[in-house]
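Chemist: The structure is given below, and queries will be raised subsequently.
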Amino acid sequence: MSGIILHTIFDPLCGWCYGAAPLLEAARGVPGLTVALHGGGMMVGANRRRVSPEWRQFVLPHDRRIAEVSGQPFGEAYFDGLLKDHGAVMDSAPPTTAVLAAEEAAGGGLALLHRIQRAHFVEGRRIAEFPVLAELAADIGLDAEAFAAAYHRLEGSATDAHFQESRRLLAQVGGQGFPTLALEENGRLTVLDLGAYLGRPDAWRARLSQAASSAAPAAAETLACGPDSCVLPQ
């Protein structure tokens, strides 16, 4: 990668990452800037869980707050479908593997991430299941065989290694939750405060355009975790 890199530490099941999706889409169009995706593995291993009434009660107020702040839509198929589907599993690994496969196969990682987020939060689909992920990959025009080959090669240990690398980056920049975004130029990492830009993609694009056109990023900003992010499980 050359120029300025926007490192994005995300999770497909993170509601605040979905709230920030328009900002990542805006970033993709900034000349001289590359978006690098780092899946953090928010719900893997012991943190995987099945949907339950308790889980629905926990996420509903957070999702409503995200919708209010970001303007991102949440569908009835999610609120009254998926969140009542007690057979559904919340597992970050399969959708993250899909994003990695899409990026490797055709540079389509960000496009597939957005499609996965919409499938989860709007359409209420089971994004931890490969047949669903394959359909979503086809939706954005990825070759079915190339995507499947990349997915099956990257699932398991390769995805686990990616999670570990992402968590090292998260610790390096001092982030504590998802999403964490940091600009890199000449090896210098600058963490950005997303809270001021949620629901304001034009202002965000202007901020990144300024950084991309300058010799070095601006002074470090503080990441607002907690109310504006999904906290990394301990």
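FYI, nothing fancy with the structure tokens labels: chains A, B, ... in order, residues from 1 per chain, ligands from 1 as they appear.
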Go through chain A and collect every residue that DSSP, computed from the backbone, puts in alpha helix (DSSP H); the answer should be as a ChimeraX atom specification.

Modeler: /A:15-19,21-28,53-70,76-79,93-106,109-121,130-139,144-154,157-173,201-213

Chemist: Which residues are close to A:Gly81, i.e. within 12 Å by only C-alpha atoms, leaving aside same-chain residues fewer than 6 positions away? Reply as a list in words.

Modeler: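 Once the nearby chain positions are removed, what remains is Val51, Ser52, Arg56, Phe74, Gly75, Gly87, Ala88, His120, Phe121, Val122, Glu123, Gly124, Arg125 and Arg126 of chain A.
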
Chemist: As a PyMOL selection string, please: the residues near A:Val44 (cut-off 8 Å, only C-alpha atoms, same-chain neighbours under 3 positions excluded).

Modeler: chain A and resi 41+47-48+91-93

Chemist: Please produce, as a Markdown table, a per-residue contact table for stretch 4-81 of chain A versus stretch 128-145 of chain A (criterion: any atom at most 12 Å away, only C-alpha atoms considered), showing the nearest atom pair and its distance in Å to one decimal, sorted by chain then residue number.

Modeler:
```
| residue | atom | partner | partner_atom | distance |
| --- | --- | --- | --- | --- |
| A:Pro12 | CA | A:Ala128 | CA | 9.9 |
| A:Leu13 | CA | A:Ala128 | CA | 9.8 |
| A:Met43 | CA | A:Ala128 | CA | 10.9 |
| A:Val44 | CA | A:Ala128 | CA | 11.0 |
| A:Arg48 | CA | A:Ala128 | CA | 10.5 |
| A:Arg49 | CA | A:Ala128 | CA | 11.3 |
| A:Arg50 | CA | A:Ala128 | CA | 11.1 |
```

Chemist: Which residues are near A:Ala36? Cut-off 8 Å, only C-alpha atoms, ignore same chain within fewer than 3 positions. Put them as a list in words.

Modeler: Ile5, Leu6, His7 and Thr8 of chain A

Chemist: Tell me which of A:His38, A:Ala171, A:Leu23, A:Gln57 sits closest to A:Gln72, counting only C-alpha atoms.

Modeler: A:Leu23

Chemist: Give me, please, the distance in Å between atom CA of A:His152 and atom CA of A:Ala98, quoted to one decimal.

Modeler: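 Computing the Euclidean distance for atom CA of A:His152 and atom CA of A:Ala98 yields 9.2 Å.
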
Chemist: Have a look at atom CA of A:Gly71 and atom CA of A:Ala211 and let me know their distance in Å, one decimal.

Modeler: 25.4 Å

Chemist: If we count only C-alpha atoms, what is near A:Ser209 at a cut-off of 8 Å, once residues fewer than 3 positions away on the same chain are taken out, given as a list in words?

Modeler: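 The contact residues come out as Val30, Pro31, Arg205, Ala206, Ala212 and Ser213 of chain A.
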
Chemist: Could you dump the residues just selected with C-alpha atoms as an mmCIF file, in the first residue's frame?

Modeler:
```
data_model
loop_
_atom_site.group_PDB
_atom_site.id
_atom_site.type_symbol
_atom_site.label_atom_id
_atom_site.label_comp_id
_atom_site.auth_asym_id
_atom_site.auth_seq_id
_atom_site.Cartn_x
_atom_site.Cartn_y
_atom_site.Cartn_z
ATOM 1 C CA VAL A 30 -10.981 9.837 -1.388
ATOM 2 C CA PRO A 31 -8.044 10.090 -3.844
ATOM 3 C CA ARG A 205 -14.859 12.875 3.424
ATOM 4 C CA ALA A 206 -13.584 16.439 3.749
ATOM 5 C CA ALA A 212 -4.673 12.797 2.133
ATOM 6 C CA SER A 213 -3.577 16.060 0.535
#
```

Chemist: Please identify all polymer residues within 7 Å of A:Val69, counting only C-alpha atoms, omitting same-chain residues fewer than 4 positions from it, and present them as a list in words.

Modeler: Arg65, Leu198 and Gly199 of chain A

Chemist: For A:His62, which residue among A:Thr96, A:Leu170, A:Trp16, A:Ile9 is the nearest when counting only C-alpha atoms?

Modeler: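 Looking only at the distances to A:His62, the closest residue turns out to be A:Trp16.
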
Chemist: Between atom CA of A:Gly187 and atom CA of A:Trp204, what is the distance in Å, rounded to a tenth?

Modeler: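 Distance between the two atoms: 22.1 Å.
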
Chemist: In chain A, what's strand (DSSP E or B) per DSSP? Answer as a PyMOL selection string?

Modeler: chain A and resi 4-10+33-39+49-50+89-90+177-178+180-185+188-191+230-231
